[in-house]
Protein chains: 4
Amino acid sequence: MIRIAVIGIGRIGELHARHLTHRIPNAELSALVDPDVDRVEALAQTLGVETVATRVTAVLGDPAIDAVAICSPTDTHADLIVAAARKGKHIFCEKPVDHDLGKIDHALTEVHRAGVKLMVGFNRRFDPNFAHVQAQVAAGVVGATELVRITSRDPAPPPLAYLKVSGGMFLDMTIHDFDMARFLVPGANVTSVYASGCVRVDPAIGEAGDIDTAVVVVEFDDGTLVTIDNSRRAAYGYDQRIEVFGTEGVVWADNNTAHRTGLGTAEGMLTPRPLDFFMDRYIDSYIAEMQAFITALDRGTQVPVGGVDGRVSVLMALAANRSRHERRPVYLSEFN
Amino acid sequence: MIRIAVIGIGRIGELHARHLTHRIPNAELSALVDPDVDRVEALAQTLGVETVATRVTAVLGDPAIDAVAICSPTDTHADLIVAAARKGKHIFCEKPVDHDLGKIDHALTEVHRAGVKLMVGFNRRFDPNFAHVQAQVAAGVVGATELVRITSRDPAPPPLAYLKVSGGMFLDMTIHDFDMARFLVPGANVTSVYASGCVRVDPAIGEAGDIDTAVVVVEFDDGTLVTIDNSRRAAYGYDQRIEVFGTEGVVWADNNTAHRTGLGTAEGMLTPRPLDFFMDRYIDSYIAEMQAFITALDRGTQVPVGGVDGRVSVLMALAANRSRHERRPVYLSEFN
Amino acid sequence: MIRIAVIGIGRIGELHARHLTHRIPNAELSALVDPDVDRVEALAQTLGVETVATRVTAVLGDPAIDAVAICSPTDTHADLIVAAARKGKHIFCEKPVDHDLGKIDHALTEVHRAGVKLMVGFNRRFDPNFAHVQAQVAAGVVGATELVRITSRDPAPPPLAYLKVSGGMFLDMTIHDFDMARFLVPGANVTSVYASGCVRVDPAIGEAGDIDTAVVVVEFDDGTLVTIDNSRRAAYGYDQRIEVFGTEGVVWADNNTAHRTGLGTAEGMLTPRPLDFFMDRYIDSYIAEMQAFITALDRGTQVPVGGVDGRVSVLMALAANRSRHERRPVYLSEFN
Amino acid sequence: MIRIAVIGIGRIGELHARHLTHRIPNAELSALVDPDVDRVEALAQTLGVETVATRVTAVLGDPAIDAVAICSPTDTHADLIVAAARKGKHIFCEKPVDHDLGKIDHALTEVHRAGVKLMVGFNRRFDPNFAHVQAQVAAGVVGATELVRITSRDPAPPPLAYLKVSGGMFLDMTIHDFDMARFLVPGANVTSVYASGCVRVDPAIGEAGDIDTAVVVVEFDDGTLVTIDNSRRAAYGYDQRIEVFGTEGVVWADNNTAHRTGLGTAEGMLTPRPLDFFMDRYIDSYIAEMQAFITALDRGTQVPVGGVDGRVSVLMALAANRSRHERRPVYLSEFN
């Protein structure tokens with residue numbers, strides 16, 4: 001039984017806390033940490049968690065705790081990773097690790113020094129659709145990868161206040177797609193990123209210095225070319241599709257829907273639009289992700305998404321930002 | 001080059017005449033016969049046909065003509081088959097051969113005596129979708145057949161005047177599905193038919209003594225059970241689907257559509273409804289059917305849909321009528 | 001909070017016990033009853049259930065218990081309903097209520113006299129796909145119902161030992177489809193059933209006096225015609241589809257699959273087969289069903305599937321048996 | 001009746017000649033021109049064409065001829081356009097007009113001066129799928145366009161000899177997608193093209209100085225971003241899909257298939273792969289395209305794809321070539 005503390009119980013932290021309580025048999029949710037004392041006490045009571053804290057130090061000093069799940073704001077991630085590593089705790093950290101490569105590198109160094117495990121929360125790797133596609137690719141079913149298409153469109157933009165601290169579209173939203181690109185082209189490395197973006201959804205997003213519509217081309221060192229297209233708003237819901245084209249064929253994942261029904265009238269045949277809310281769409285992936293982390297601790301095996309994965313996805317986002325501004329493909333090697 | 005005369009140039013006769021002229025290379029449309037002198041002359045001019053007649057005798061006496069395509073009203077079919085057979089002409093006859101078993105048997109006897117070929121116009125056997133399904137079944141891909149589903153729904157009922165002379169729904173419309181059932185269960189024989197029907201579309205159809213909505217269960221001597229469902233009106237178009245379930249799997253055909261596009265909005269994902277008009281839906285099948293007839297004559301091989309096929313489908317329709325009235329399954333053997 | 005005891009913890013009883021513990025917030029699983037003392041104690045420990053019993057009397061006498069879920073073998077259902085009703089417990093009972101109409105009627109009388117609620121476990125009504133189809137029909141989206149198609153094919157037959165006590169295919173398997181037919185034609189009554197069946201899957205099933213392949217035609221008093229086709233074995237998985245055709249259009253539900261991926265190769269485009277195991281396929285429906293029962297108790301509202309629904313489905317199965325043997329449509333009125 | 005001569009009767013010229021003879025009622029195929037005297041005489045005989053020539057001058061001097069269809073090799077197009085224009089003939093010219101902008105501009109100037117019509121053979125605009133998508137976009141069904149995806153993958157590369165004179169992948173293959181991008185974003189202008197390409201299919205293609213795998217990003221002046229992905233080889237057939245995403249929704253076209261059947265086995269559900277051969281896939285578009293040309297002549301209306309369309313698509317291909325070599329987005333304005 002792995003004893004774990006959840007740090008930060010915003011939307012995603014509460015989600016992990018609930019899964020750790022109800023859906024993951026070999027985990028024990030031992031502590032909740034959040035500065036909002038009322039909220040954290042209420043959740044602890046609901047879930048039957050004994051230890052509650054408003055500061056992380058109490059929890060990190062508790063020798064009975066094996067691991068922490070860092071679900072606090074992004075700008076706290078790197079420091080918390082360092083603090084947890086130094087106390088010998090294994091770490092699950094929500095994406096992105098940080099917006100600053102220096103801070104990420106420092107955190108990874110500390111993790112390495114401490115010999116603890118660090119898993120980064122790229123939940124989409126654990127989505128049954130995408131995991132199946134990747135498994136087919138990894139098994140060689142489509143041969144060598146050549147072209148990958150990732151379509152990732154949100155149903156609606158997040159609040160402007162959130163956007164302003166998000167690090168921008170590439171670090172906040174496309175980062176999932178950057179990780180997905182790497183997941184879908186196993187055994188190869190990203191060489192360059194070319195990005196083009198603009199403001200189409202809401203001028204206020206542009207005024208805040210961000211974009212809401214983008215396409216990105218990613219080149220891998222095995223010759224695979226990836227196109228990503230993003231929008232912060234899709235009238236028909238949350239559009240999450242991937243396609244991997246290789247020498248021997250193509251494999252893809254379509255959207256999930258609430259049900260499998262259809263309606264035929266004189267208008268045509270109407271089937272359901274994609275599941276709209278990211279928690280509905282990806283609920284299974286969050287459970288599977290946390291289960292994978294707990295199982296890796298339990299068995300002493302490697303975590304499936306490591307610190308390097310967290311680092312490279314940020315690198316790609318930084319390269320995309322630079323590419324968009326400088327109107328040229330940017331090589332990851334420029335950052336080293 | 002097979003020289004052929006088309007007898008009767010209503011909608012279906014004109015269709016065959018045009019195909020024989022433009023789409024079937026090894027046929028020559030030599031004559032058109034129809035009592036409507038203006039209409040037949042106009043069509044002959046359009047298609048460049050030399051011989052035009054208002055009566056069939058002229059054409060049957062012409063030794064240069066190899067074959068006739070009988071597209072006149074149903075009540076003339078049997079007599080025309082007999083007349084053509086006696087003159088040594090090969091015969092393509094639209095379905096149904098007749099509504100009366102005695103007349104059918106007499107016609108088949110004459111055909112047999114004359115040694116000419118007779119093909120009955122069950123065009124749906126030549127539809128690329130259905131032909132592919134049947135080929136899979138015949139090749140054993142789904143193993144032994146067990147359950148067959150045929151959905152056959154018209155977009156809208158024909159004019160009441162037509163319905164009154166059509167012989168009723170089973171002889172006019174379901175007869176295609178009866179033949180399809182036999183096509184999809186190769187090598188087995190129909191033993192019984194159970195039919196239930198009612199009037200849902202238009203009370204006037206009921207007042208004319210007919211039904212417009214029906215389900216039929218057909219039993220074959222190899223144990224295969226077929227369900228057919230029919231309606232004279234489908235709000236979403238012309239619904240023509242089949243499914244064959246066997247020991248090793250299932251094979252099916254969906255509807256054709258005008259294009260392969262989709263539209264996603266907040267309402268859902270909208271794709272095109274089925275092709276609406278039977279001539280659009282089955283145009284390829286009419287060409288392939290006539291080509292098959294011409295090729296069989298050209299090569300001296302067997303026609304793919306013979307007089308017995310025409311006879312059994314009528315037998316099934318008669319059994320369905322009796323079944324509906326007597327509220328019991330009716331055995332084909334009752335008619336022999 | 002509704003306090004409930006589960007009686008019988010075979011596969012389905014254990015499922016309900018787990019859902020009542022983990023997934024249904026306003027229920028408290030208060031007791032488990034099963035003659036297998038080891039098994040019931042082990043499950044009680046896993047789920048943290050206080051009261052354990054090998055006989056039902058202890059539980060029925062406990063005034064703290066509000067309701068029972070009867071998941072024991074079919075031949076105990078009617079007696080347990082009577083016993084529970086007399087003790088004032090609300091009742092959830094797995095299908096079928098019984099194989100004998102007299103016993104069912106007696107049980108329903110006792111339920112009525114006791115004024116308790118009785119819900120019958122037709123879980124498929126709570127499947128998101130089928131519930132959505134029914135909601136569309138009930139909302140009039142397809143107009144008046146005319147034709148219904150139900151395809152219901154198991155992946156593989158159950159053990160012969162089970163089949164021998166199951167009451168036969170119509171009472172064990174098709175009973176779900178009989179209830180589905182009634183669910184999909186709201187506001188109308190079944191008048192007759194015509195059934196044709198045979199042995200195609202396993203001769204041993206035939207030797208045990210049962211069939212494994214069947215089609216059924218159900219007639220409703222509003223003119224709706226339903227066809228059901230069943231097989232005890234489908235090479236491609238668990239095939240569960242419905243379609244409702246009405247005056248204004250058609251609405252249908254396709255099969256669920258494990259994921260939404262596809263693979264394109266020179267062979268064609270391959271997508272996943274239907275979910276294979278009934279617990280995977282219908283897991284959501286079991287949760288929603290039990291939630292609906294608990295909510296009805298909690299709020300004092302009517303249960304969504306009552307004793308009459310349990311009774312009519314058995315009546316239809318008995319009519320189907322008689323129809324198959326007597327080779328004629330059987331009217332439900334014959335049984336009253 | 002429009003009298004037309006076909007110049008060049010290779011694969012595509014013969015196709016147009018056959019359509020002009022059999023499928024386009026208001027056209028008369030008056031002459032065939034080709035240096036291969038045997039081939040041109042044989043085809044003339046088959047199609048009943050009176051005038052046959054090995055040189056174009058005879059035909060251009062014939063006052064009875066209204067129009068020419070230029071289907072000869074690309075390097076003859078510009079000169080033939082000029083020659084035909086000077087003789088007052090209307091012109092249908094296969095794509096691309098030329099590889100050289102100067103020659104294109106000269107030809108367009110001559111066409112303008114002569115006051116004849118020039119239509120360029122971008123047949124895909126006339127494909128029923130793509131035309132329907134474009135009509136939806138033009139009608140505003142998806143609102144303002146934001147993201148367009150074009151997937152265009154050949155089943156197999158053409159012969160190396162052809163590739164060597166083709167002008168390279170962008171001028172030979174992607175040019176269709178460049179035109180499609182413009183077709184799908186009506187009322188906006190291309191500003192820049194970014195291209196990345198490599199050799200994955202056949203090293204011999206690379207040795208010939210060409211690429212066989214590419215992605216292209218096209219930017220329009222209304223902010224629309226287009227991604228194109230190309231391969232010279234797709235194991236599963238000829239993959240031709242488009243998708244237009246706008247403020248109000250998304251509209252797309254899937255591949256055509258030979259039939260609409262499916263096969264379900266333990267492996268999954270198998271449906272047909274895309275139509276493989278471009279003449280099968282686009283046959284309807286070739287007929288509709290030529291019909292549109294003839295109709296424009298007949299009615300004196302504007303041709304639907306003009307000289308400017310031919311010019312801009314070449315410009316985009318040249319920009320793509322430059323982009324790929326210089327590793328930067330190239331603005332069309334750089335060429336003016």
# chains A, B, ... in the order shown; residues from 1 in each chain; ligands from 1

$ residues_around --residues "Ala208 (chain B)" --least-positions-apart "5" --cutoff "10 Å" --atoms "only C-alpha atoms" --output "PDB file with all heavy atoms, in the first residue's frame"
ATOM      1  N   LEU B 160     -51.483   5.860 -56.049  1.00  0.00           N
ATOM      2  CA  LEU B 160     -52.508   4.874 -55.708  1.00  0.00           C
ATOM      3  C   LEU B 160     -52.932   4.070 -56.937  1.00  0.00           C
ATOM      4  O   LEU B 160     -53.182   2.857 -56.846  1.00  0.00           O
ATOM      5  CB  LEU B 160     -53.714   5.602 -55.095  1.00  0.00           C
ATOM      6  CG  LEU B 160     -54.507   4.805 -54.061  1.00  0.00           C
ATOM      7  CD1 LEU B 160     -53.619   4.344 -52.912  1.00  0.00           C
ATOM      8  CD2 LEU B 160     -55.657   5.642 -53.530  1.00  0.00           C
ATOM      9  N   ALA B 161     -52.975   4.727 -58.069  1.00  0.00           N
ATOM     10  CA  ALA B 161     -53.367   4.041 -59.303  1.00  0.00           C
ATOM     11  C   ALA B 161     -52.402   2.891 -59.607  1.00  0.00           C
ATOM     12  O   ALA B 161     -52.814   1.807 -60.014  1.00  0.00           O
ATOM     13  CB  ALA B 161     -53.383   5.037 -60.466  1.00  0.00           C
ATOM     14  N   LEU B 163     -50.521   1.363 -57.308  1.00  0.00           N
ATOM     15  CA  LEU B 163     -50.671   0.356 -56.255  1.00  0.00           C
ATOM     16  C   LEU B 163     -51.814  -0.616 -56.554  1.00  0.00           C
ATOM     17  O   LEU B 163     -51.708  -1.819 -56.291  1.00  0.00           O
ATOM     18  CB  LEU B 163     -50.942   1.045 -54.916  1.00  0.00           C
ATOM     19  CG  LEU B 163     -49.727   1.570 -54.157  1.00  0.00           C
ATOM     20  CD1 LEU B 163     -50.150   2.168 -52.834  1.00  0.00           C
ATOM     21  CD2 LEU B 163     -48.720   0.443 -53.931  1.00  0.00           C
ATOM     22  N   LYS B 164     -52.888  -0.072 -57.134  1.00  0.00           N
ATOM     23  CA  LYS B 164     -54.084  -0.904 -57.342  1.00  0.00           C
ATOM     24  C   LYS B 164     -53.845  -2.031 -58.341  1.00  0.00           C
ATOM     25  O   LYS B 164     -54.519  -3.058 -58.291  1.00  0.00           O
ATOM     26  CB  LYS B 164     -55.249  -0.017 -57.793  1.00  0.00           C
ATOM     27  CG  LYS B 164     -55.822   0.762 -56.601  1.00  0.00           C
ATOM     28  CD  LYS B 164     -56.956   1.696 -57.013  1.00  0.00           C
ATOM     29  CE  LYS B 164     -57.535   2.392 -55.774  1.00  0.00           C
ATOM     30  NZ  LYS B 164     -58.383   3.541 -56.133  1.00  0.00           N
ATOM     31  N   GLY B 168     -50.224  -5.879 -54.981  1.00  0.00           N
ATOM     32  CA  GLY B 168     -50.062  -5.762 -53.527  1.00  0.00           C
ATOM     33  C   GLY B 168     -48.597  -5.661 -53.153  1.00  0.00           C
ATOM     34  O   GLY B 168     -47.691  -5.986 -53.918  1.00  0.00           O
ATOM     35  N   PRO B 203     -54.207   5.624 -45.227  1.00  0.00           N
ATOM     36  CA  PRO B 203     -55.445   4.815 -45.162  1.00  0.00           C
ATOM     37  C   PRO B 203     -55.969   4.441 -46.539  1.00  0.00           C
ATOM     38  O   PRO B 203     -56.582   3.380 -46.694  1.00  0.00           O
ATOM     39  CB  PRO B 203     -56.432   5.750 -44.446  1.00  0.00           C
ATOM     40  CG  PRO B 203     -55.600   6.763 -43.735  1.00  0.00           C
ATOM     41  CD  PRO B 203     -54.334   6.901 -44.520  1.00  0.00           C
TER      42      PRO B 203
END

$ residues_around --residues "Thr271 (chain B)" --least-positions-apart "6" --cutoff "8 Å" --atoms "only C-alpha atoms" --output "ChimeraX atom specification"
/A:268-270 /B:260-263

$ write_last_selection --atoms "N, CA and C atoms" --output "mmCIF file, in the first residue's frame"
data_model
loop_
_atom_site.group_PDB
_atom_site.id
_atom_site.type_symbol
_atom_site.label_atom_id
_atom_site.label_comp_id
_atom_site.auth_asym_id
_atom_site.auth_seq_id
_atom_site.Cartn_x
_atom_site.Cartn_y
_atom_site.Cartn_z
ATOM 1 N N GLY A 268 -30.797 14.334 -42.624
ATOM 2 C CA GLY A 268 -29.594 13.501 -42.700
ATOM 3 C C GLY A 268 -29.502 12.632 -41.461
ATOM 4 N N MET A 269 -28.326 12.059 -41.245
ATOM 5 C CA MET A 269 -28.114 11.142 -40.130
ATOM 6 C C MET A 269 -27.280 11.864 -39.072
ATOM 7 N N LEU A 270 -27.857 12.018 -37.900
ATOM 8 C CA LEU A 270 -27.226 12.811 -36.854
ATOM 9 C C LEU A 270 -26.683 11.910 -35.751
ATOM 10 N N ARG B 260 -19.703 11.831 -49.208
ATOM 11 C CA ARG B 260 -19.135 11.296 -47.966
ATOM 12 C C ARG B 260 -18.711 12.419 -47.045
ATOM 13 N N THR B 261 -19.552 13.398 -46.915
ATOM 14 C CA THR B 261 -19.172 14.530 -46.095
ATOM 15 C C THR B 261 -19.888 14.481 -44.761
ATOM 16 N N GLY B 262 -19.438 15.312 -43.852
ATOM 17 C CA GLY B 262 -20.082 15.435 -42.559
ATOM 18 C C GLY B 262 -19.995 16.865 -42.097
ATOM 19 N N LEU B 263 -20.915 17.198 -41.202
ATOM 20 C CA LEU B 263 -20.971 18.560 -40.650
ATOM 21 C C LEU B 263 -21.095 18.439 -39.138
#

$ atom_distance --atom1 "CA of Ala44 (chain D)" --atom2 "CA of Arg86 (chain D)"
26.3 Å

$ atom_distance --atom1 "CA of Val37 (chain D)" --atom2 "CA of Arg55 (chain D)"
10.0 Å

$ residues_around --residues "Val199 (chain A)" --least-positions-apart "3" --cutoff "9 Å" --atoms "only C-alpha atoms" --output "number ranges by chain"
A: 202-206, 210-214; D: 223

$ residues_around --residues "Val330 (chain B)" --least-positions-apart "2" --cutoff "10 Å" --atoms "only C-alpha atoms" --output "list in words"
Thr191, Ser192, Val193, Tyr194, Ala195, Val218, Met316, Leu318, Ala319, Ala320, Asn321, Arg322, Ser323, Arg324, Glu326, Arg327, Arg328, Leu332, Ser333, Glu334 and Phe335 of chain B; Arg327 of chain C

$ interface_residues --of "chain D" --to "chain B" --cutoff "12 Å" --atoms "only C-alpha atoms" --output "NGL selection string"
:D and (18-19 or 21-23 or 25 or 46-47 or 127-137 or 141-143 or 240-272 or 274 or 284)

$ select_by_dssp --residues "region 110-306 of chain B" --states "alpha helix (DSSP H)" --output "PyMOL selection string"
chain B and resi 110-114+128-138+160-164+169+175-184+203-207+278-299

$ write_last_selection --atoms "C-alpha atoms" --output "mmCIF file, in the first residue's frame"
data_model
loop_
_atom_site.group_PDB
_atom_site.id
_atom_site.type_symbol
_atom_site.label_atom_id
_atom_site.label_comp_id
_atom_site.auth_asym_id
_atom_site.auth_seq_id
_atom_site.Cartn_x
_atom_site.Cartn_y
_atom_site.Cartn_z
ATOM 1 C CA GLU B 110 -42.373 -22.770 -73.266
ATOM 2 C CA VAL B 111 -38.983 -21.221 -72.558
ATOM 3 C CA HIS B 112 -37.607 -24.631 -71.746
ATOM 4 C CA ARG B 113 -39.135 -26.167 -74.864
ATOM 5 C CA ALA B 114 -37.718 -23.407 -77.074
ATOM 6 C CA PRO B 128 -22.085 -3.550 -55.874
ATOM 7 C CA ASN B 129 -22.874 -3.536 -52.149
ATOM 8 C CA PHE B 130 -25.180 -6.509 -52.157
ATOM 9 C CA ALA B 131 -23.090 -8.425 -54.689
ATOM 10 C CA HIS B 132 -20.056 -7.992 -52.466
ATOM 11 C CA VAL B 133 -21.952 -9.222 -49.413
ATOM 12 C CA GLN B 134 -23.200 -12.234 -51.327
ATOM 13 C CA ALA B 135 -19.732 -12.985 -52.648
ATOM 14 C CA GLN B 136 -18.394 -12.966 -49.098
ATOM 15 C CA VAL B 137 -21.166 -15.303 -47.991
ATOM 16 C CA ALA B 138 -20.665 -17.603 -50.970
ATOM 17 C CA LEU B 160 -52.508 4.874 -55.708
ATOM 18 C CA ALA B 161 -53.367 4.041 -59.303
ATOM 19 C CA TYR B 162 -50.137 2.101 -59.580
ATOM 20 C CA LEU B 163 -50.671 0.356 -56.255
ATOM 21 C CA LYS B 164 -54.084 -0.904 -57.342
ATOM 22 C CA MET B 169 -47.018 -4.909 -51.448
ATOM 23 C CA ILE B 175 -40.608 -9.522 -54.017
ATOM 24 C CA HIS B 176 -37.176 -7.872 -54.329
ATOM 25 C CA ASP B 177 -36.458 -8.791 -50.713
ATOM 26 C CA PHE B 178 -37.685 -12.343 -51.237
ATOM 27 C CA ASP B 179 -35.227 -12.705 -54.085
ATOM 28 C CA MET B 180 -32.516 -11.036 -51.983
ATOM 29 C CA ALA B 181 -33.132 -13.532 -49.175
ATOM 30 C CA ARG B 182 -32.589 -16.393 -51.622
ATOM 31 C CA PHE B 183 -29.525 -14.665 -53.072
ATOM 32 C CA LEU B 184 -28.004 -14.290 -49.600
ATOM 33 C CA PRO B 203 -55.445 4.815 -45.162
ATOM 34 C CA ALA B 204 -56.189 4.968 -48.883
ATOM 35 C CA ILE B 205 -53.749 2.103 -49.355
ATOM 36 C CA GLY B 206 -55.793 0.078 -46.903
ATOM 37 C CA GLU B 207 -59.023 1.021 -48.643
ATOM 38 C CA PHE B 278 -34.386 4.234 -56.703
ATOM 39 C CA MET B 279 -32.803 5.084 -60.037
ATOM 40 C CA ASP B 280 -29.970 6.911 -58.310
ATOM 41 C CA ARG B 281 -29.588 4.208 -55.695
ATOM 42 C CA TYR B 282 -29.615 1.311 -58.117
ATOM 43 C CA ILE B 283 -28.315 2.824 -61.330
ATOM 44 C CA ASP B 284 -25.139 0.750 -61.292
ATOM 45 C CA SER B 285 -27.112 -2.400 -60.668
ATOM 46 C CA TYR B 286 -29.291 -1.839 -63.746
ATOM 47 C CA ILE B 287 -26.268 -1.454 -65.969
ATOM 48 C CA ALA B 288 -24.519 -4.487 -64.479
ATOM 49 C CA GLU B 289 -27.679 -6.560 -64.735
ATOM 50 C CA MET B 290 -28.191 -5.855 -68.425
ATOM 51 C CA GLN B 291 -24.495 -6.307 -69.082
ATOM 52 C CA ALA B 292 -24.699 -9.718 -67.413
ATOM 53 C CA PHE B 293 -27.605 -10.701 -69.652
ATOM 54 C CA ILE B 294 -25.847 -9.574 -72.807
ATOM 55 C CA THR B 295 -22.619 -11.265 -71.780
ATOM 56 C CA ALA B 296 -24.422 -14.541 -71.083
ATOM 57 C CA LEU B 297 -25.890 -14.422 -74.598
ATOM 58 C CA ASP B 298 -22.599 -13.383 -76.114
ATOM 59 C CA ARG B 299 -20.669 -16.205 -74.482
#

$ decode --residues "region 232-289 of chain D" --atoms "C-alpha atoms" --output "compact mmCIF listing (two decimals), in the first residue's frame"
# COMPACT_ATOMS: atom_id res chain seq x y z
CA ARG D 232 3.67 9.36 -52.54
CA ARG D 233 2.67 6.00 -51.02
CA ALA D 234 -0.16 4.87 -48.77
CA ALA D 235 -0.37 1.17 -47.97
CA TYR D 236 -4.17 1.35 -47.68
CA GLY D 237 -4.89 3.17 -50.93
CA TYR D 238 -5.51 6.65 -52.24
CA ASP D 239 -6.20 8.86 -49.23
CA GLN D 240 -8.03 12.07 -50.10
CA ARG D 241 -9.66 13.88 -47.20
CA ILE D 242 -10.37 17.47 -46.32
CA GLU D 243 -11.68 19.27 -43.25
CA VAL D 244 -12.67 22.88 -42.76
CA PHE D 245 -13.00 24.19 -39.22
CA GLY D 246 -14.69 27.50 -38.62
CA THR D 247 -16.23 29.63 -35.94
CA GLU D 248 -19.53 27.76 -36.10
CA GLY D 249 -18.47 24.17 -36.68
CA VAL D 250 -16.56 21.79 -38.87
CA VAL D 251 -17.25 20.18 -42.23
CA TRP D 252 -15.29 17.37 -43.76
CA ALA D 253 -15.12 14.83 -46.57
CA ASP D 254 -14.05 11.23 -46.08
CA ASN D 255 -12.69 8.88 -48.67
CA ASN D 256 -14.84 7.10 -51.21
CA THR D 257 -14.91 3.32 -51.20
CA ALA D 258 -15.89 0.72 -53.76
CA HIS D 259 -18.87 -0.32 -51.69
CA ARG D 260 -20.53 0.23 -48.34
CA THR D 261 -20.15 -3.15 -46.80
CA GLY D 262 -18.57 -4.36 -43.61
CA LEU D 263 -17.33 -7.63 -42.19
CA GLY D 264 -17.34 -8.41 -38.49
CA THR D 265 -15.18 -11.19 -37.13
CA ALA D 266 -13.16 -11.84 -34.01
CA GLU D 267 -10.54 -9.48 -35.51
CA GLY D 268 -12.91 -6.52 -35.49
CA MET D 269 -15.10 -4.75 -38.00
CA LEU D 270 -13.55 -4.43 -41.46
CA THR D 271 -14.77 -1.87 -43.99
CA PRO D 272 -13.37 -1.16 -47.45
CA ARG D 273 -10.23 0.85 -47.95
CA PRO D 274 -10.33 4.02 -50.08
CA LEU D 275 -10.75 3.72 -53.82
CA ASP D 276 -7.28 3.11 -55.08
CA PHE D 277 -6.97 4.44 -58.58
CA PHE D 278 -7.27 8.15 -59.24
CA MET D 279 -9.48 7.60 -62.26
CA ASP D 280 -11.92 5.60 -60.17
CA ARG D 281 -11.77 8.05 -57.29
CA TYR D 282 -12.19 11.16 -59.40
CA ILE D 283 -14.13 9.90 -62.41
CA ASP D 284 -17.23 11.97 -61.57
CA SER D 285 -15.12 15.05 -61.08
CA TYR D 286 -13.61 14.79 -64.57
CA ILE D 287 -17.03 14.59 -66.15
CA ALA D 288 -18.42 17.45 -64.07
CA GLU D 289 -15.35 19.56 -64.78
